[in-house]
Amino acid sequence: MANTQLKKEISEALQNNVLRGALERFSRLYVIAREKAYEGYDFEDLRNNIQRVKSYAADHIDEMIDLFEKNAKARGAKVFRAANGKEANDYVRRIAKENNVKKVVKSKSMASEEILMNEALREDGLEVQETDLGEFIIAIEGKHPSHMVFPAIHLTKEQVADLFTGYTKKKNDPVISKLVKTARSVMRKKFLEADMGISGANIAVAETGTLFTFTNEGNARLTSTIPRVHVYIVGIEKIVPKFKDATYIMKALPRNGTAQNITTYVSLYTGATEAYLEDGTKGEKEFHIVILDNGRRKILQDEKFRQIFNCIRCGGCINVCPAFQLVGGHVYGGHAYTGGIGTILTAFLTSEETANQVQNLCLQCGSCTEVCAGKLNIPEMILELRNRHGAKTGLPFTQKFALDVVSNRRLFHSLLRIASVAQKPFTKGQPVIRHLPMFLSGLTEGRSLPAIAKTPFRDIFPTIKQDVPNPKGTVAFYAGCLVDFVYPRIGEGVVSALNEVGYKVVFPEKQSCCGAPASYMGDKENAVKSAILNIEALEAEKVDYIVSACPTCTHGLLDYQKLLEDKPEMLKRAKVLAEKLYDFPKLITMLGGLKDKGDGIPLKVTYHDSCHLRRTMGVYKEQRALLAGTSGIELIEMKESDRCCGFAGSYSIKFPEISVPILQRKIQNILETGAEVVALDCPGCLMQITGGLDQINSKIKVKHTAELLLDKRKK
Amino acid sequence: MVERLNDLYEKFKAKFEGVNGECYRVAKIEEIGNLAVKILANKGAKTIALYESPLSQAAKLKEKLCSAGFEVHTDNLFAASSQDDVGITEVNWGIAELGSMVQIAPEVDNRLCSTLVPIHLALLRTKSIVADVDEIMEILDNLPQIPGFVGFITGPSRSSDIERILEIGVHGPEQVILILVDE
């Protein structure tokens with residue numbers, strides 16, 4: 001899929017109001033319902049256990065498969081190990097032929113979709129019927145699922161009625177209860193006539209040979225009860241060692257997937273059971289289990305990705321993904337797996353090329369990591385895909401050129417200084433740029449960009465008088481590009497607060513871009529260059545602490561350890577840097593916090609949590625305490641305060657069409673609080689949210705915590 | 001002991017009704033028949049596929065349903081369950097925390113009578129209600145072997161596949177009724 005194709009599909013998805021409405025409603029309900037479903041449960045404990053049992057199985061995969069096979073066979077199952085999709089499909093075709101099968105019913109199996117089993121069986125003239133309501137609908141529509149759990153979420157009842165009318169040749173009214181009845185009666189006939197059932201498993205237990213299937217509709221029970229031949233398709237990652245290990249997944253899967261305490265049906269199959277045979281008598285059914293590899297062992301051999309085996313396919317990650325909530329699953333291109341986790345699965349199991357395109361949709365906001373039942377770090381894996389792709393194919397010229405410039409400090413900084421003059425025609429005397437000409441116009445659609453400051457912080461710093469009589473120590477300030485060149489006043493706030501807690505601040509002149517843009521765009525070479533440059537500039541060894549007022553930069557600086565794994569000398573210095581590095585609110589709090597000396601003038605403030613500060617660094621209480629402790633400030637929490645604002649660095653430039661609607665939801669949540677000021681701790685979010693508010697001519701101001709504290713505490 | 005039982009029952013009933021189930025409780029086995037007749041007559045049911053079990057036999061359920069005028073099938077249950085209004089089976093446990101019923105049903109007829117019919121009427125001894133999933137998994141794990149089929153059933157079948165609107169009664173039963181007996 002070419003990038004233009006991806007852009008086209010994004011634009012189609014965004015214009016589909018049904019899809020957007022359904023996804024947005026669900027995203028709001030899901031968070032609340034999920035929380036309620038977990039009442040009385042310790043989610044952290046639960047997912048630690050899932051991680052433990054699943055990674056044990058992954059580490060002992062051969063032993064697990066042997067054990068599962070032995071125990072399933074002892075109970076009358078026939079077990080086949082398929083190395084790839086073709087072997088699996090050929091086996092099922094053979095079983096069908098040997099047993100004189102004509103009609104097949106299927107309940108949901110992602111693994112069979114991955115290997116295009118329906119298509120293979122139809123080649124032999126078999127009639128194959130998807131029986132899950134959503135799967136049935138999209139099969140008539142001729143499309144792939146738009147969601148792992150709700151495959152037809154992109155369609156209205158009217159559209160479903162039209163599809164059913166076409167299929168049944170009888171008029172179907174757009175009434176959901178009637179449409180469900182139609183599906184029931186159509187499918188009932190198929191169930192009663194089927195010779196073979198094909199099922200997917202959510203869990204396979206090595207110790208007992210038991211397979212677990214979770215469903216709500218009951219189609220999986222009929223698929224496994226009526227036909228005389230029953231085939232299970234099971235990916236090797238579904239295995240857990242012990243029967244009771246399945247309990248953890250039973251508890252997490254429905255709660256994370258659909259915010260249910262449990263699905264209507266949880267069915268446990270152990271070996272061959274009784275069925276009605278061809279001649280009408282009752283007897284033991286033909287029961288087959290296909291254990292599918294199809295690229296999964298390759299994942300296990302890859303240190304960065306083997307955690308995928310801890311995934312239980314609940315879809316929780318997709319339910320909270322801001323990008324997925326806007327565009328749905330079709331955009332992700334793969335015919336089976338969608339969303340962030342889907343991107344990674346697609347890379348290994350179906351199409352690397354597709355994955356390389358759609359990995360760009362990830363905002364790196366980390367929301368998925370908070371809900372993941374297997375504790376996977378999906379953003380990190382997506383970044384790794386991006387890096388590998390970048391290393392293999394190189395970046396497009398303009399991107400590469402930009403990153404080359406950024407990693408060359410002198411050139412980058414002189415260009416920024418030139419820009420502060422050259423931007424004049426666009427700023428029209430305002431501190432923001434509202435319109436850019438031609439192909440750059442996408443940048444300012446729905447959002448204004450900030451103007452480059454007239455005097456960068458590096459030139460202001462020497463003029464600041466630091467009045468610290470008996471300094472307790474020294475802090476080096478890492479400003480990052482945005483504070484240095486766009487928002488220098490944040491820097492003034494940082495210095496002032498640190499002085500107040502008794503520390504002197506130094507500003508190492510040779511510091512430059514942290515390298516995060518290069519990292520996020522998959523340009524490791526330039527990221528490493530930036531890392532070395534800053535380690536040498538900051539000289540962490542000579543100060544007590546290093547403070548950053550940009551969590552993305554903090555994260556970027558912490559990641560130097562990963563970038564420099566193969567450079568031992570630099571790695572040592574990167575570690576020293578990491579140990580002394582803190583975000584502004586965290587460091588101020590650690591050093592004793594600030595005494596209340598606010599101006600007492602009432603000010604309603606709401607707080608936006610930036611993704612990196614909240615989720616990567618876990619800092620969210622400190623800044624709230626600093627703000628609430630300043631007299632005059634009334635802190636009002638907004639809805640979804642830790643939901644991404646859509647900036648995500650270069651994302652807002654690559655996908656303004658996704659970034660802007662995400663921003664609009666944030667703006668809406670801000671407006672609802674009635675606050676006069678939005679406080680935050682990330683200059684990137686500051687730029688994004690200021691731009692969004694400016695476009696609707698809002699009077700609400702956006703301020704970095706350091707800047708707001710400075711404003712309210714001036715003598 | 002009785003207190004714990006009542007407590008589990010109350011929790012179970014609330015959860016069971018929360019997932020659109022209908023829950024009844026009787027003291028004696030002999031009361032099951034009359035109650036079943038009353039419930040099913042109210043629903044306008046006429047034909048019943050009955051999978052005989054210790055409780056149904058002790059309650060002389062077939063006899064009572066037949067004499068009340070229902071057409072009751074206990075043989076050839078594939079054909080019966082695909083046409084009849086009601087399926088009756090006994091289940092093995094209830095889970096208070098979830099309102100779930102748990103059946104051990106390797107027999108095909110047991111499964112058909114609880115899956116294929118529009119109305120599933122289940123019988124269960126009140127003392128077989130356990131507290132939570134952990135307890136039931138412990139019980140299953142301690143059996144000599146895991147039965148060929150174990151089914152957790154939590155309310156009637158449902159789907160939200162069209163416009164995310166919850167709809168009851170898709171491929172499985174549209175109504176699930178449970179009679180608990182203390183004896």
# chains A, B, ... in the order shown; residues from 1 in each chain; ligands from 1

call {"tool": "select_by_dssp", "arguments": {"residues": "segment 210-448 of chain A", "states": "strand (DSSP E or B)", "output": "VMD selection string"}}
result
chain A and resid 210 to 215 229 to 235 239 to 240 265 to 270 274 to 276 282 to 284 286 to 292 432 to 433

call {"tool": "select_by_dssp", "arguments": {"residues": "segment 634-698 of chain A", "states": "alpha helix (DSSP H)", "output": "PyMOL selection string"}}
result
chain A and resi 651-654+656-673+683-695

call {"tool": "write_last_selection", "arguments": {"atoms": "N, CA and C atoms", "output": "JSON list (two decimals), in the first residue's frame"}}
result
[["chain", "number", "residue", "atom", "x", "y", "z"],
["A", 651, "TYR", "N", 3.96, 13.85, 14.08],
["A", 651, "TYR", "CA", 2.66, 13.25, 13.71],
["A", 651, "TYR", "C", 1.71, 14.32, 13.20],
["A", 652, "SER", "N", 1.69, 15.47, 13.93],
["A", 652, "SER", "CA", 0.73, 16.51, 13.56],
["A", 652, "SER", "C", 1.06, 17.08, 12.19],
["A", 653, "ILE", "N", 2.28, 16.85, 11.74],
["A", 653, "ILE", "CA", 2.66, 17.31, 10.41],
["A", 653, "ILE", "C", 2.33, 16.23, 9.38],
["A", 654, "LYS", "N", 2.59, 14.97, 9.75],
["A", 654, "LYS", "CA", 2.32, 13.87, 8.81],
["A", 654, "LYS", "C", 0.83, 13.60, 8.65],
["A", 656, "PRO", "N", -2.15, 15.63, 9.78],
["A", 656, "PRO", "CA", -2.98, 16.69, 10.38],
["A", 656, "PRO", "C", -4.46, 16.29, 10.42],
["A", 657, "GLU", "N", -4.90, 15.48, 9.46],
["A", 657, "GLU", "CA", -6.32, 15.11, 9.40],
["A", 657, "GLU", "C", -6.74, 14.25, 10.60],
["A", 658, "ILE", "N", -5.78, 13.56, 11.23],
["A", 658, "ILE", "CA", -6.09, 12.78, 12.43],
["A", 658, "ILE", "C", -5.79, 13.61, 13.68],
["A", 659, "SER", "N", -4.66, 14.32, 13.60],
["A", 659, "SER", "CA", -4.22, 15.12, 14.74],
["A", 659, "SER", "C", -5.26, 16.18, 15.13],
["A", 660, "VAL", "N", -5.86, 16.83, 14.14],
["A", 660, "VAL", "CA", -6.79, 17.93, 14.44],
["A", 660, "VAL", "C", -8.06, 17.45, 15.15],
["A", 661, "PRO", "N", -8.74, 16.40, 14.66],
["A", 661, "PRO", "CA", -9.92, 15.94, 15.42],
["A", 661, "PRO", "C", -9.60, 15.47, 16.84],
["A", 662, "ILE", "N", -8.42, 14.90, 17.04],
["A", 662, "ILE", "CA", -8.02, 14.51, 18.40],
["A", 662, "ILE", "C", -7.90, 15.77, 19.25],
["A", 663, "LEU", "N", -7.29, 16.80, 18.66],
["A", 663, "LEU", "CA", -7.15, 18.08, 19.33],
["A", 663, "LEU", "C", -8.52, 18.67, 19.67],
["A", 664, "GLN", "N", -9.47, 18.55, 18.73],
["A", 664, "GLN", "CA", -10.78, 19.15, 18.95],
["A", 664, "GLN", "C", -11.50, 18.53, 20.15],
["A", 665, "ARG", "N", -11.30, 17.23, 20.33],
["A", 665, "ARG", "CA", -11.91, 16.59, 21.50],
["A", 665, "ARG", "C", -11.29, 17.13, 22.79],
["A", 666, "LYS", "N", -9.98, 17.34, 22.75],
["A", 666, "LYS", "CA", -9.29, 17.93, 23.91],
["A", 666, "LYS", "C", -9.83, 19.33, 24.19],
["A", 667, "ILE", "N", -9.97, 20.14, 23.13],
["A", 667, "ILE", "CA", -10.46, 21.51, 23.28],
["A", 667, "ILE", "C", -11.85, 21.50, 23.91],
["A", 668, "GLN", "N", -12.70, 20.59, 23.43],
["A", 668, "GLN", "CA", -14.06, 20.46, 23.96],
["A", 668, "GLN", "C", -14.02, 20.19, 25.47],
["A", 669, "ASN", "N", -13.18, 19.25, 25.85],
["A", 669, "ASN", "CA", -13.06, 18.91, 27.28],
["A", 669, "ASN", "C", -12.57, 20.10, 28.10],
["A", 670, "ILE", "N", -11.69, 20.90, 27.49],
["A", 670, "ILE", "CA", -11.18, 22.10, 28.18],
["A", 670, "ILE", "C", -12.30, 23.14, 28.35],
["A", 671, "LEU", "N", -13.04, 23.37, 27.26],
["A", 671, "LEU", "CA", -14.10, 24.37, 27.29],
["A", 671, "LEU", "C", -15.14, 24.04, 28.37],
["A", 672, "GLU", "N", -15.42, 22.73, 28.51],
["A", 672, "GLU", "CA", -16.45, 22.32, 29.47],
["A", 672, "GLU", "C", -16.09, 22.64, 30.92],
["A", 673, "THR", "N", -14.81, 22.84, 31.21],
["A", 673, "THR", "CA", -14.42, 23.11, 32.61],
["A", 673, "THR", "C", -14.69, 24.55, 33.01],
["A", 683, "PRO", "N", 5.90, 21.47, 26.23],
["A", 683, "PRO", "CA", 5.84, 22.54, 25.23],
["A", 683, "PRO", "C", 5.17, 22.08, 23.93],
["A", 684, "GLY", "N", 5.26, 20.78, 23.61],
["A", 684, "GLY", "CA", 4.61, 20.27, 22.40],
["A", 684, "GLY", "C", 3.10, 20.37, 22.54],
["A", 685, "CYS", "N", 2.58, 19.91, 23.68],
["A", 685, "CYS", "CA", 1.15, 20.02, 23.95],
["A", 685, "CYS", "C", 0.75, 21.50, 23.99],
["A", 686, "LEU", "N", 1.63, 22.32, 24.56],
["A", 686, "LEU", "CA", 1.37, 23.76, 24.67],
["A", 686, "LEU", "C", 1.14, 24.36, 23.29],
["A", 687, "MET", "N", 2.00, 23.97, 22.36],
["A", 687, "MET", "CA", 1.92, 24.46, 21.00],
["A", 687, "MET", "C", 0.62, 23.99, 20.34],
["A", 688, "GLN", "N", 0.30, 22.71, 20.53],
["A", 688, "GLN", "CA", -0.87, 22.12, 19.90],
["A", 688, "GLN", "C", -2.16, 22.74, 20.46],
["A", 689, "ILE", "N", -2.27, 22.80, 21.78],
["A", 689, "ILE", "CA", -3.52, 23.26, 22.40],
["A", 689, "ILE", "C", -3.69, 24.77, 22.20],
["A", 690, "THR", "N", -2.58, 25.53, 22.31],
["A", 690, "THR", "CA", -2.67, 26.97, 22.03],
["A", 690, "THR", "C", -3.20, 27.17, 20.61],
["A", 691, "GLY", "N", -2.66, 26.40, 19.69],
["A", 691, "GLY", "CA", -3.06, 26.52, 18.28],
["A", 691, "GLY", "C", -4.54, 26.21, 18.10],
["A", 692, "GLY", "N", -5.02, 25.18, 18.78],
["A", 692, "GLY", "CA", -6.43, 24.78, 18.66],
["A", 692, "GLY", "C", -7.36, 25.84, 19.24],
["A", 693, "LEU", "N", -6.97, 26.41, 20.38],
["A", 693, "LEU", "CA", -7.81, 27.43, 21.01],
["A", 693, "LEU", "C", -7.80, 28.72, 20.19],
["A", 694, "ASP", "N", -6.64, 29.04, 19.61],
["A", 694, "ASP", "CA", -6.53, 30.26, 18.80],
["A", 694, "ASP", "C", -7.46, 30.19, 17.59],
["A", 695, "GLN", "N", -7.57, 29.01, 17.00],
["A", 695, "GLN", "CA", -8.41, 28.86, 15.81],
["A", 695, "GLN", "C", -9.89, 29.13, 16.10]]

call {"tool": "residues_around", "arguments": {"residues": "segment 170-178 of chain B", "least_positions_apart": "5", "cutoff": "8 Å", "atoms": "only C-alpha atoms", "output": "number ranges by chain"}}
result
A: 180-181, 183-184, 187-188, 217-219, 222; B: 20-24, 114-124, 155-159

call {"tool": "interface_residues", "arguments": {"of": "chain A", "to": "chain B", "cutoff": "7 Å", "atoms": "only C-alpha atoms", "output": "number ranges by chain"}}
result
A: 22, 133-134, 150, 152-153, 156-157, 176-177, 180, 184, 216-219, 225, 243-244, 247, 261, 264-275

call {"tool": "write_last_selection", "arguments": {"atoms": "N, CA and C atoms", "output": "short mmCIF file (atom, residue, chain, number, x, y, z; two decimals), in the first residue's frame"}}
result
data_model
loop_
_atom_site.label_atom_id
_atom_site.label_comp_id
_atom_site.auth_asym_id
_atom_site.auth_seq_id
_atom_site.Cartn_x
_atom_site.Cartn_y
_atom_site.Cartn_z
N ALA A 22 -19.85 5.91 16.09
CA ALA A 22 -19.88 4.68 16.87
C ALA A 22 -18.60 4.50 17.66
N LEU A 133 -22.50 -12.64 14.03
CA LEU A 133 -23.35 -11.65 13.37
C LEU A 133 -22.54 -10.61 12.59
N GLY A 134 -21.57 -10.02 13.26
CA GLY A 134 -20.77 -8.99 12.61
C GLY A 134 -19.98 -9.54 11.43
N PHE A 150 -15.81 -5.77 17.18
CA PHE A 150 -17.05 -5.38 16.50
C PHE A 150 -16.76 -5.20 15.01
N ALA A 152 -18.39 -5.09 12.30
CA ALA A 152 -19.24 -4.30 11.40
C ALA A 152 -19.58 -2.94 12.00
N ILE A 153 -18.70 -2.44 12.83
CA ILE A 153 -18.99 -1.19 13.55
C ILE A 153 -19.11 0.00 12.59
N THR A 156 -24.40 1.28 9.45
CA THR A 156 -25.65 1.62 10.14
C THR A 156 -26.64 0.48 10.00
N LYS A 157 -27.70 0.52 10.80
CA LYS A 157 -28.74 -0.50 10.68
C LYS A 157 -29.40 -0.44 9.30
N ILE A 176 -33.09 -3.03 14.50
CA ILE A 176 -32.00 -3.93 14.90
C ILE A 176 -32.52 -5.28 15.40
N SER A 177 -33.59 -5.26 16.22
CA SER A 177 -34.08 -6.54 16.75
C SER A 177 -34.56 -7.45 15.62
N VAL A 180 -31.53 -8.89 13.74
CA VAL A 180 -30.92 -9.99 14.50
C VAL A 180 -31.73 -11.27 14.28
N ARG A 184 -30.59 -14.83 12.79
CA ARG A 184 -30.82 -16.06 13.53
C ARG A 184 -31.45 -17.12 12.63
N ASN A 216 -20.50 -14.29 22.90
CA ASN A 216 -21.75 -13.75 23.42
C ASN A 216 -22.97 -14.26 22.67
N GLU A 217 -22.80 -14.57 21.41
CA GLU A 217 -23.98 -14.84 20.58
C GLU A 217 -24.45 -16.28 20.66
N GLY A 218 -23.55 -17.19 20.99
CA GLY A 218 -23.93 -18.60 21.05
C GLY A 218 -23.58 -19.34 19.78
N ASN A 219 -23.07 -18.62 18.78
CA ASN A 219 -22.72 -19.29 17.53
C ASN A 219 -21.57 -20.28 17.70
N THR A 225 -21.23 -27.93 18.58
CA THR A 225 -22.14 -28.97 19.07
C THR A 225 -22.80 -29.75 17.93
N PHE A 243 -4.13 -25.54 33.96
CA PHE A 243 -5.55 -25.28 33.83
C PHE A 243 -5.94 -24.00 34.58
N LYS A 244 -5.45 -23.88 35.80
CA LYS A 244 -5.87 -22.72 36.60
C LYS A 244 -5.27 -21.39 36.10
N THR A 247 -7.61 -18.96 34.47
CA THR A 247 -8.47 -18.09 35.28
C THR A 247 -8.13 -16.61 35.10
N ASN A 261 -18.26 -8.36 32.67
CA ASN A 261 -17.64 -9.17 33.72
C ASN A 261 -17.27 -10.54 33.18
N THR A 264 -21.27 -14.05 27.63
CA THR A 264 -22.43 -14.92 27.86
C THR A 264 -22.01 -16.39 27.93
N TYR A 265 -21.14 -16.77 27.02
CA TYR A 265 -20.67 -18.15 27.01
C TYR A 265 -19.16 -18.23 27.15
N VAL A 266 -18.73 -19.07 28.06
CA VAL A 266 -17.33 -19.47 28.08
C VAL A 266 -17.37 -20.98 27.98
N SER A 267 -16.80 -21.53 26.92
CA SER A 267 -16.92 -22.96 26.67
C SER A 267 -15.56 -23.63 26.70
N LEU A 268 -15.49 -24.73 27.44
CA LEU A 268 -14.24 -25.47 27.58
C LEU A 268 -14.37 -26.82 26.89
N TYR A 269 -13.54 -27.07 25.91
CA TYR A 269 -13.56 -28.33 25.18
C TYR A 269 -12.30 -29.10 25.49
N THR A 270 -12.48 -30.34 25.93
CA THR A 270 -11.32 -31.19 26.18
C THR A 270 -11.52 -32.49 25.41
N GLY A 271 -10.85 -32.59 24.28
CA GLY A 271 -10.94 -33.81 23.48
C GLY A 271 -12.25 -33.94 22.74
N ALA A 272 -12.44 -35.10 22.12
CA ALA A 272 -13.63 -35.35 21.30
C ALA A 272 -14.82 -35.66 22.19
N THR A 273 -15.95 -35.02 21.90
CA THR A 273 -17.18 -35.34 22.64
C THR A 273 -18.19 -35.96 21.68
N GLU A 274 -19.41 -36.08 22.19
CA GLU A 274 -20.44 -36.77 21.43
C GLU A 274 -21.08 -35.82 20.42
N ALA A 275 -21.51 -36.39 19.28
CA ALA A 275 -22.26 -35.60 18.29
C ALA A 275 -23.22 -36.54 17.56
#

call {"tool": "residues_around", "arguments": {"residues": "His704 of chain A", "least_positions_apart": "5", "cutoff": "8 Å", "atoms": "only C-alpha atoms", "output": "list in words"}}
result
Ile490, Ala679, Leu680, Asp681, Cys682, Pro683 and Leu686 of chain A

call {"tool": "write_last_selection", "arguments": {"atoms": "C-alpha atoms", "output": "short mmCIF file (atom, residue, chain, number, x, y, z; two decimals), in the first residue's frame"}}
result
data_model
loop_
_atom_site.label_atom_id
_atom_site.label_comp_id
_atom_site.auth_asym_id
_atom_site.auth_seq_id
_atom_site.Cartn_x
_atom_site.Cartn_y
_atom_site.Cartn_z
CA ILE A 490 9.11 28.70 30.52
CA ALA A 679 -1.79 24.35 32.64
CA LEU A 680 0.47 21.64 31.27
CA ASP A 681 4.08 20.56 31.33
CA CYS A 682 4.93 19.80 27.73
CA PRO A 683 5.84 22.54 25.23
CA LEU A 686 1.37 23.76 24.67
#

call {"tool": "atom_distance", "arguments": {"atom1": "atom CA of Val105 of chain A", "atom2": "atom CA of Thr281 of chain A"}}
result
21.0 Å

call {"tool": "atom_distance", "arguments": {"atom1": "atom CA of Tyr51 of chain B", "atom2": "atom CA of Thr89 of chain B"}}
result
5.3 Å

call {"tool": "residues_around", "arguments": {"residues": "Leu626 of chain A", "least_positions_apart": "4", "cutoff": "8 Å", "atoms": "only C-alpha atoms", "output": "ChimeraX atom specification"}}
result
/A:585,589,593-594,622,630

call {"tool": "write_last_selection", "arguments": {"atoms": "N, CA and C atoms", "output": "PDB file, in the first residue's frame"}}
result
ATOM      1  N   PRO A 585       8.385  19.548  37.475  1.00  0.00           N
ATOM      2  CA  PRO A 585       7.563  19.446  38.698  1.00  0.00           C
ATOM      3  C   PRO A 585       8.082  18.386  39.662  1.00  0.00           C
ATOM      4  N   THR A 589       9.459  19.273  43.501  1.00  0.00           N
ATOM      5  CA  THR A 589       8.806  18.577  44.619  1.00  0.00           C
ATOM      6  C   THR A 589       9.846  17.829  45.459  1.00  0.00           C
ATOM      7  N   GLY A 593       9.660  21.455  47.358  1.00  0.00           N
ATOM      8  CA  GLY A 593       8.458  22.167  46.916  1.00  0.00           C
ATOM      9  C   GLY A 593       8.550  23.656  47.162  1.00  0.00           C
ATOM     10  N   LEU A 594       7.513  24.378  46.736  1.00  0.00           N
ATOM     11  CA  LEU A 594       7.522  25.829  46.850  1.00  0.00           C
ATOM     12  C   LEU A 594       6.606  26.273  47.980  1.00  0.00           C
ATOM     13  N   GLU A 622       2.487  15.703  41.386  1.00  0.00           N
ATOM     14  CA  GLU A 622       3.399  16.775  41.808  1.00  0.00           C
ATOM     15  C   GLU A 622       2.964  18.146  41.295  1.00  0.00           C
ATOM     16  N   THR A 630      -0.740  27.184  45.234  1.00  0.00           N
ATOM     17  CA  THR A 630      -0.460  28.593  44.946  1.00  0.00           C
ATOM     18  C   THR A 630      -1.735  29.392  45.158  1.00  0.00           C
TER      19      THR A 630
END

call {"tool": "atom_distance", "arguments": {"atom1": "atom CA of Asn202 of chain A", "atom2": "atom CA of Arg255 of chain A"}}
result
14.3 Å

call {"tool": "closest_residue", "arguments": {"among": "A:Ala161, A:Leu23, A:Ile198, A:Pro241", "to": "Leu121 of chain A", "atoms": "only C-alpha atoms"}}
result
A:Ile198

call {"tool": "closest_residue", "arguments": {"among": "A:Pro551, A:Pro379, A:Gly390, A:Gly200", "to": "Met521 of chain A", "atoms": "only C-alpha atoms"}}
result
A:Gly390

call {"tool": "residues_around", "arguments": {"residues": "Glu63 of chain B", "least_positions_apart": "5", "cutoff": "12 Å", "atoms": "only C-alpha atoms", "output": "ChimeraX atom specification"}}
result
/B:30,32-34,36-37,50,52,56-58,68-74

call {"tool": "residues_around", "arguments": {"residues": "Val92 of chain A", "least_positions_apart": "2", "cutoff": "9 Å", "atoms": "only C-alpha atoms", "output": "list of chain:residue names"}}
result
A:Glu87, A:Ala88, A:Asn89, A:Asp90, A:Arg94, A:Ile95, A:Ala96, A:Lys97, A:Met117, A:Leu121, A:Val231, A:His288, A:Val290

call {"tool": "write_last_selection", "arguments": {"atoms": "N, CA, C and O atoms", "output": "mmCIF file, in the first residue's frame"}}
result
data_model
loop_
_atom_site.group_PDB
_atom_site.id
_atom_site.type_symbol
_atom_site.label_atom_id
_atom_site.label_comp_id
_atom_site.auth_asym_id
_atom_site.auth_seq_id
_atom_site.Cartn_x
_atom_site.Cartn_y
_atom_site.Cartn_z
ATOM 1 N N GLU A 87 -0.097 -25.139 4.944
ATOM 2 C CA GLU A 87 -0.185 -26.467 5.578
ATOM 3 C C GLU A 87 -1.481 -26.618 6.367
ATOM 4 O O GLU A 87 -2.121 -27.670 6.332
ATOM 5 N N ALA A 88 -1.858 -25.561 7.053
ATOM 6 C CA ALA A 88 -3.089 -25.615 7.844
ATOM 7 C C ALA A 88 -4.297 -25.771 6.927
ATOM 8 O O ALA A 88 -5.166 -26.627 7.144
ATOM 9 N N ASN A 89 -4.349 -24.936 5.902
ATOM 10 C CA ASN A 89 -5.483 -24.993 4.980
ATOM 11 C C ASN A 89 -5.559 -26.342 4.267
ATOM 12 O O ASN A 89 -6.634 -26.913 4.110
ATOM 13 N N ASP A 90 -4.395 -26.854 3.824
ATOM 14 C CA ASP A 90 -4.380 -28.145 3.131
ATOM 15 C C ASP A 90 -4.901 -29.250 4.042
ATOM 16 O O ASP A 90 -5.634 -30.138 3.609
ATOM 17 N N ARG A 94 -8.166 -31.565 3.450
ATOM 18 C CA ARG A 94 -8.072 -33.028 3.422
ATOM 19 C C ARG A 94 -9.111 -33.648 4.369
ATOM 20 O O ARG A 94 -9.816 -34.599 3.998
ATOM 21 N N ILE A 95 -9.208 -33.106 5.561
ATOM 22 C CA ILE A 95 -10.185 -33.618 6.534
ATOM 23 C C ILE A 95 -11.596 -33.518 5.960
ATOM 24 O O ILE A 95 -12.413 -34.430 6.088
ATOM 25 N N ALA A 96 -11.863 -32.387 5.297
ATOM 26 C CA ALA A 96 -13.187 -32.185 4.714
ATOM 27 C C ALA A 96 -13.466 -33.265 3.665
ATOM 28 O O ALA A 96 -14.544 -33.864 3.630
ATOM 29 N N LYS A 97 -12.469 -33.497 2.822
ATOM 30 C CA LYS A 97 -12.644 -34.484 1.753
ATOM 31 C C LYS A 97 -12.859 -35.879 2.339
ATOM 32 O O LYS A 97 -13.790 -36.586 1.965
ATOM 33 N N MET A 117 -8.437 -18.942 5.321
ATOM 34 C CA MET A 117 -8.928 -20.307 5.231
ATOM 35 C C MET A 117 -10.236 -20.416 4.430
ATOM 36 O O MET A 117 -10.413 -21.352 3.647
ATOM 37 N N LEU A 121 -10.969 -23.101 1.391
ATOM 38 C CA LEU A 121 -11.995 -24.139 1.418
ATOM 39 C C LEU A 121 -12.981 -23.964 0.259
ATOM 40 O O LEU A 121 -13.460 -24.942 -0.311
ATOM 41 N N VAL A 231 -13.216 -28.701 13.861
ATOM 42 C CA VAL A 231 -11.807 -28.348 13.735
ATOM 43 C C VAL A 231 -11.527 -27.064 14.504
ATOM 44 O O VAL A 231 -12.244 -26.075 14.359
ATOM 45 N N HIS A 288 -10.534 -32.294 15.524
ATOM 46 C CA HIS A 288 -9.172 -31.973 15.078
ATOM 47 C C HIS A 288 -8.714 -30.639 15.654
ATOM 48 O O HIS A 288 -9.490 -29.702 15.748
ATOM 49 N N VAL A 290 -5.715 -27.891 14.905
ATOM 50 C CA VAL A 290 -4.579 -27.464 14.090
ATOM 51 C C VAL A 290 -3.797 -26.430 14.900
ATOM 52 O O VAL A 290 -4.322 -25.371 15.259
#
